[in-house]
Amino acid sequence: MAEDLRTAVASQTKRLNSSREVVERLEENGHQNKRLKRDADEEDAEDQNKKSPKRKIVLLMAYSGKGYHGMQRNVGSSQFKTIEDDLVSALVQSGCIPEDHGEDMKKMSFQRCARTDKGVSAAGQIVSLKVRLIDDILEKINNHLPSHIRILGLKRVTGGFNSKNKCDARTYSYMLPTFAFAHKDHDVQEEVYRLDRETLEKVNKLLACYKGTHNFHNFTSQKGPRDPSAKRYIMEMYCGEPFVRENVEFAVIKVKGQSFMMHQIRKMIGLVIAIVKGYAAESVIERSWGEEKVDVPKAPGLGLVLERVHFEKYNRRFGNDGLHEPLEWTEEEEKIAVFKEQYIYPTIINTEREEKSMANWLNTLSIHDFNSSAVGMQANNKNSKNSSDLEGSDGCDDDSD
């Protein structure tokens, strides 16, 4: 009897073990099937990307530059993060470009229209490159970008298109608190100051002096008065109506030119501020275009924004050829405006309130000697470097790549 019971128990245990083995095999097969399906899906997606045609396109970009060391990528350098680092990473992850194109950007014929520098933002940057035209391409790229960098538009362009070389003009804006224009002899409370009509008219009269072709060698570095590339053509420059944000009054200066040199816009604005505040005579502007070296102060970089870039010649030739679209972004204007309100303007306003970059820079104007020669300028430049160069921004540079 006991022997029969032991035999029955052993038989039942064997059946249970056998059933467990069957279940485990089924589960293992199920996991394998899932892995195989996932691998197959990934391979299908990769095959689809490879089958997607490569085409030359332009991307309309908007970004807040705070915390970045400019637009241009420095391949091999992880110490200083740039906008293009995040962009290239998103292009690779979304399947638009192979990974090796991210390491060697020439392979995708990449070119940015304007090289914005440290801390500078953009509402209408354009980059040209060859990509795989995958489905839902903008959505997929944006899914791999931080919220303060957005791709707002895409257009097909000609095979030989280069966004930098084909650009006719660039428009920048510069947002600043209006107390920057208060005369140096007036005791001004920053949150109380409001720009009067007479001062605004004087600002615009001075800004208009820059229109036309002039020798801007005093408004950049490492260019002599006889360097032909120091001559630049400015189409328009003006200051808009002031507005109040966070109890502080601000205004936006806009400037459109064919191209700009390093620090040129910031120095153009810096000199106008120095004149309006009573530190320099109006005649300094005209004198700065001569061969003499003039001490021109450089305004903070915080408020500088690349607003838009212009391709008028390209549009006339290819915009209505039936194959390509004109490089105009009317349909994207609303998205651009929303991005500026959400990311660019709040960054400028909050950083100004916290770091007081404009207020601190204004305190350095008194050390500039606007009648000095090249020899007398060296000490002033050293003294003012701490207050203007270390603010986290270095202006714009369209043509030094």
# chains A, B, ... in the order shown; residues from 1 in each chain; ligands from 1
>>> closest_atom_pairs(of="region 155-199 of chain A", to="region 340-360 of chain A", cutoff="12 Å", atoms="only C-alpha atoms", output="CSV")
residue,atom,partner,partner_atom,distance
A:Ser173,CA,A:Tyr345,CA,11.4
A:Tyr174,CA,A:Ile348,CA,10.1
A:Met175,CA,A:Ile348,CA,7.7
A:Leu176,CA,A:Met358,CA,7.7
A:Pro177,CA,A:Met358,CA,7.7
A:Thr178,CA,A:Met358,CA,10.0
A:Phe179,CA,A:Ala359,CA,8.6
A:Ala180,CA,A:Met358,CA,7.2
A:Phe181,CA,A:Met358,CA,10.9
A:Ala182,CA,A:Ala359,CA,11.3
A:Val188,CA,A:Ala359,CA,11.0
A:Gln189,CA,A:Ala359,CA,10.9
A:Glu190,CA,A:Ala359,CA,8.7
A:Glu191,CA,A:Arg353,CA,10.3
>>> select_by_dssp(residues="region 130-244 of chain A", states="strand (DSSP E or B)", output="ChimeraX atom specification")
/A:130-132,149-156,169-177,212-215,231-239,243-244
>>> atom_distance(atom1="CA of Glu307 (chain A)", atom2="CA of Lys140 (chain A)")
24.8 Å
>>> closest_residue(among="A:Val127, A:Ile83, A:Ile367, A:Val192", to="Phe250 (chain A)", atoms="only C-alpha atoms")
A:Val192
>>> select_by_dssp(residues="region 12-246 of chain A", states="alpha helix (DSSP H)", output="PyMOL selection string")
chain A and resi 12-51+83-93+99-103+137-143+197-208
>>> closest_residue(among="A:Asp135, A:Glu312, A:Glu84, A:Glu241", to="Val203 (chain A)", atoms="only C-alpha atoms")
A:Glu241
>>> closest_residue(among="A:Ala169, A:Val272, A:Leu327, A:Ile336", to="Gln258 (chain A)", atoms="only C-alpha atoms")
A:Ala169
>>> atom_distance(atom1="CA of Arg245 (chain A)", atom2="CA of Lys298 (chain A)")
24.5 Å
>>> closest_atom_pairs(of="region 147-183 of chain A", to="region 50-65 of chain A", cutoff="10 Å", atoms="only C-alpha atoms", output="Markdown table")
| residue | atom | partner | partner_atom | distance |
| --- | --- | --- | --- | --- |
| A:Ser147 | CA | A:Tyr63 | CA | 8.7 |
| A:His148 | CA | A:Tyr63 | CA | 5.5 |
| A:Ile149 | CA | A:Tyr63 | CA | 4.3 |
| A:Arg150 | CA | A:Ala62 | CA | 5.4 |
| A:Ile151 | CA | A:Met61 | CA | 4.7 |
| A:Leu152 | CA | A:Leu60 | CA | 5.5 |
| A:Gly153 | CA | A:Leu60 | CA | 4.9 |
| A:Leu154 | CA | A:Leu59 | CA | 4.7 |
| A:Lys155 | CA | A:Val58 | CA | 5.5 |
| A:Arg156 | CA | A:Ile57 | CA | 4.4 |
| A:Val157 | CA | A:Ile57 | CA | 5.3 |
| A:Thr158 | CA | A:Lys56 | CA | 6.7 |
| A:Gly159 | CA | A:Lys56 | CA | 5.7 |
| A:Gly160 | CA | A:Lys56 | CA | 8.1 |
| A:Phe161 | CA | A:Lys56 | CA | 7.6 |
| A:Asn162 | CA | A:Val58 | CA | 9.2 |
| A:Ser163 | CA | A:Val58 | CA | 7.7 |
>>> write_last_selection(atoms="N, CA, C and O atoms", output="tab-separated table (two decimals), in the first residue's frame")
chain	number	residue	atom	x	y	z
A	147	SER	N	12.44	71.51	-25.51
A	147	SER	CA	11.33	72.41	-25.88
A	147	SER	C	11.81	73.80	-26.31
A	147	SER	O	11.11	74.49	-27.04
A	148	HIS	N	13.03	74.22	-25.87
A	148	HIS	CA	13.51	75.55	-26.23
A	148	HIS	C	14.26	75.56	-27.57
A	148	HIS	O	14.85	76.57	-27.94
A	149	ILE	N	14.23	74.43	-28.29
A	149	ILE	CA	14.70	74.37	-29.67
A	149	ILE	C	13.59	73.72	-30.49
A	149	ILE	O	13.17	72.60	-30.18
A	150	ARG	N	13.11	74.41	-31.51
A	150	ARG	CA	12.02	73.88	-32.33
A	150	ARG	C	12.35	74.01	-33.82
A	150	ARG	O	12.93	75.00	-34.26
A	151	ILE	N	11.95	72.99	-34.58
A	151	ILE	CA	11.94	73.08	-36.04
A	151	ILE	C	10.52	73.47	-36.43
A	151	ILE	O	9.57	72.72	-36.20
A	152	LEU	N	10.36	74.66	-37.00
A	152	LEU	CA	9.02	75.20	-37.26
A	152	LEU	C	8.59	75.02	-38.72
A	152	LEU	O	7.41	75.18	-39.03
A	153	GLY	N	9.53	74.72	-39.61
A	153	GLY	CA	9.16	74.57	-41.01
A	153	GLY	C	10.22	73.85	-41.80
A	153	GLY	O	11.38	73.73	-41.36
A	154	LEU	N	9.84	73.35	-42.98
A	154	LEU	CA	10.74	72.64	-43.88
A	154	LEU	C	10.35	72.93	-45.32
A	154	LEU	O	9.15	72.96	-45.64
A	155	LYS	N	11.32	73.14	-46.18
A	155	LYS	CA	11.06	73.33	-47.61
A	155	LYS	C	12.15	72.65	-48.43
A	155	LYS	O	13.31	72.62	-48.02
A	156	ARG	N	11.76	72.11	-49.58
A	156	ARG	CA	12.73	71.55	-50.53
A	156	ARG	C	13.44	72.69	-51.25
A	156	ARG	O	12.85	73.72	-51.55
A	157	VAL	N	14.72	72.50	-51.53
A	157	VAL	CA	15.50	73.50	-52.25
A	157	VAL	C	16.32	72.82	-53.34
A	157	VAL	O	16.37	71.59	-53.42
A	158	THR	N	16.97	73.61	-54.16
A	158	THR	CA	17.80	73.08	-55.24
A	158	THR	C	18.99	72.31	-54.67
A	158	THR	O	19.43	72.57	-53.54
A	159	GLY	N	19.52	71.38	-55.46
A	159	GLY	CA	20.59	70.50	-55.00
A	159	GLY	C	21.84	71.23	-54.55
A	159	GLY	O	22.52	70.80	-53.62
A	160	GLY	N	22.15	72.37	-55.19
A	160	GLY	CA	23.37	73.10	-54.84
A	160	GLY	C	23.14	74.22	-53.85
A	160	GLY	O	24.04	75.04	-53.63
A	161	PHE	N	21.96	74.25	-53.22
A	161	PHE	CA	21.62	75.36	-52.31
A	161	PHE	C	22.52	75.36	-51.08
A	161	PHE	O	22.78	74.32	-50.48
A	162	ASN	N	22.99	76.56	-50.72
A	162	ASN	CA	23.80	76.76	-49.52
A	162	ASN	C	23.18	77.93	-48.76
A	162	ASN	O	23.14	79.05	-49.25
A	163	SER	N	22.68	77.67	-47.54
A	163	SER	CA	21.90	78.68	-46.84
A	163	SER	C	22.69	79.94	-46.52
A	163	SER	O	22.14	81.03	-46.45
>>> closest_atom_pairs(of="region 111-183 of chain A", to="region 93-106 of chain A", cutoff="9 Å", atoms="only C-alpha atoms", output="tab-separated table")
residue	atom	partner	partner_atom	distance
A:Gln111	CA	A:Lys106	CA	8.6
A:Leu129	CA	A:Met105	CA	8.9
A:Lys130	CA	A:Ile97	CA	8.1
A:Val131	CA	A:Cys96	CA	5.3
A:Arg132	CA	A:Cys96	CA	4.9
A:Leu133	CA	A:Cys96	CA	6.9
A:Ile134	CA	A:Cys96	CA	6.7
A:Ile137	CA	A:Cys96	CA	7.7
A:Lys140	CA	A:Ser94	CA	5.5
A:Ile141	CA	A:Ser94	CA	5.6
A:Asn142	CA	A:Ser94	CA	8.9
A:Asn143	CA	A:Ser94	CA	8.2
A:His144	CA	A:Gln93	CA	7.0
>>> closest_atom_pairs(of="region 264-363 of chain A", to="region 214-238 of chain A", cutoff="7 Å", atoms="only C-alpha atoms", output="tab-separated table")
residue	atom	partner	partner_atom	distance
A:Gln264	CA	A:Phe219	CA	4.9
A:Lys267	CA	A:Phe219	CA	5.5
A:Met268	CA	A:Phe219	CA	6.8
A:Ser288	CA	A:Asn218	CA	6.1
A:Trp289	CA	A:Asn215	CA	5.0
A:Glu291	CA	A:Pro225	CA	5.1
A:Lys293	CA	A:Asn218	CA	6.4
A:Val294	CA	A:Asn218	CA	6.1
A:Val296	CA	A:Phe219	CA	6.7
>>> write_last_selection(atoms="N, CA, C and O atoms", output="tab-separated table (two decimals), in the first residue's frame")
chain	number	residue	atom	x	y	z
A	264	GLN	N	29.40	93.51	-34.42
A	264	GLN	CA	29.04	94.75	-35.11
A	264	GLN	C	27.74	95.36	-34.60
A	264	GLN	O	27.67	96.56	-34.30
A	267	LYS	N	27.99	96.78	-31.06
A	267	LYS	CA	28.75	98.04	-31.01
A	267	LYS	C	27.96	99.19	-31.63
A	267	LYS	O	28.03	100.33	-31.16
A	268	MET	N	27.20	98.91	-32.68
A	268	MET	CA	26.34	99.95	-33.27
A	268	MET	C	25.35	100.48	-32.23
A	268	MET	O	25.15	101.69	-32.09
A	288	SER	N	33.86	107.37	-36.73
A	288	SER	CA	34.18	105.94	-36.60
A	288	SER	C	34.32	105.26	-37.95
A	288	SER	O	34.91	104.18	-38.05
A	289	TRP	N	33.77	105.89	-39.01
A	289	TRP	CA	33.87	105.28	-40.34
A	289	TRP	C	35.18	105.66	-41.06
A	289	TRP	O	35.48	105.10	-42.12
A	291	GLU	N	39.55	106.32	-41.00
A	291	GLU	CA	40.67	105.40	-40.75
A	291	GLU	C	41.12	105.40	-39.29
A	291	GLU	O	41.77	104.47	-38.84
A	293	LYS	N	41.26	104.95	-35.33
A	293	LYS	CA	40.71	103.95	-34.42
A	293	LYS	C	39.89	104.65	-33.34
A	293	LYS	O	40.40	105.53	-32.65
A	294	VAL	N	38.62	104.28	-33.23
A	294	VAL	CA	37.71	104.92	-32.26
A	294	VAL	C	37.26	103.88	-31.24
A	294	VAL	O	36.99	102.72	-31.57
A	296	VAL	N	34.72	102.20	-29.43
A	296	VAL	CA	33.28	101.99	-29.54
A	296	VAL	C	32.84	100.95	-28.52
A	296	VAL	O	33.30	99.80	-28.57
>>> residues_around(residues="Lys66 (chain A)", least_positions_apart="4", cutoff="9 Å", atoms="only C-alpha atoms", output="PDB file with N, CA and C atoms, in the first residue's frame")
ATOM      1  N   GLY A  70      26.746  79.095 -28.404  1.00  0.00           N
ATOM      2  CA  GLY A  70      26.529  79.462 -29.791  1.00  0.00           C
ATOM      3  C   GLY A  70      25.824  78.392 -30.599  1.00  0.00           C
ATOM      4  N   LYS A 118      27.537  82.795 -28.400  1.00  0.00           N
ATOM      5  CA  LYS A 118      27.159  82.370 -27.060  1.00  0.00           C
ATOM      6  C   LYS A 118      25.983  83.168 -26.494  1.00  0.00           C
ATOM      7  N   GLY A 119      24.911  82.454 -26.129  1.00  0.00           N
ATOM      8  CA  GLY A 119      23.773  83.080 -25.479  1.00  0.00           C
ATOM      9  C   GLY A 119      22.776  83.751 -26.407  1.00  0.00           C
ATOM     10  N   VAL A 120      23.095  83.869 -27.699  1.00  0.00           N
ATOM     11  CA  VAL A 120      22.215  84.572 -28.637  1.00  0.00           C
ATOM     12  C   VAL A 120      21.109  83.632 -29.109  1.00  0.00           C
ATOM     13  N   SER A 121      19.892  84.147 -29.193  1.00  0.00           N
ATOM     14  CA  SER A 121      18.735  83.350 -29.598  1.00  0.00           C
ATOM     15  C   SER A 121      18.388  83.595 -31.066  1.00  0.00           C
ATOM     16  N   LEU A 302      22.817  89.898 -24.380  1.00  0.00           N
ATOM     17  CA  LEU A 302      21.616  89.208 -23.916  1.00  0.00           C
ATOM     18  C   LEU A 302      20.414  89.386 -24.838  1.00  0.00           C
ATOM     19  N   THR A 347      13.168  84.704 -21.325  1.00  0.00           N
ATOM     20  CA  THR A 347      14.576  84.483 -20.973  1.00  0.00           C
ATOM     21  C   THR A 347      15.322  85.803 -20.880  1.00  0.00           C
ATOM     22  N   ILE A 348      15.099  86.686 -21.863  1.00  0.00           N
ATOM     23  CA  ILE A 348      15.768  87.991 -21.857  1.00  0.00           C
ATOM     24  C   ILE A 348      15.333  88.806 -20.645  1.00  0.00           C
ATOM     25  N   GLY A 392      27.996  86.271 -20.945  1.00  0.00           N
ATOM     26  CA  GLY A 392      27.397  85.062 -21.487  1.00  0.00           C
ATOM     27  C   GLY A 392      26.908  85.241 -22.889  1.00  0.00           C
ATOM     28  N   SER A 393      27.453  86.176 -23.644  1.00  0.00           N
ATOM     29  CA  SER A 393      26.996  86.387 -25.005  1.00  0.00           C
ATOM     30  C   SER A 393      28.023  87.154 -25.803  1.00  0.00           C
TER      31      SER A 393
END
>>> atom_distance(atom1="CA of His263 (chain A)", atom2="CA of Pro297 (chain A)")
10.1 Å
>>> closest_residue(among="A:Arg316, A:Val309, A:Tyr193, A:Pro146", to="Val244 (chain A)", atoms="only C-alpha atoms")
A:Tyr193
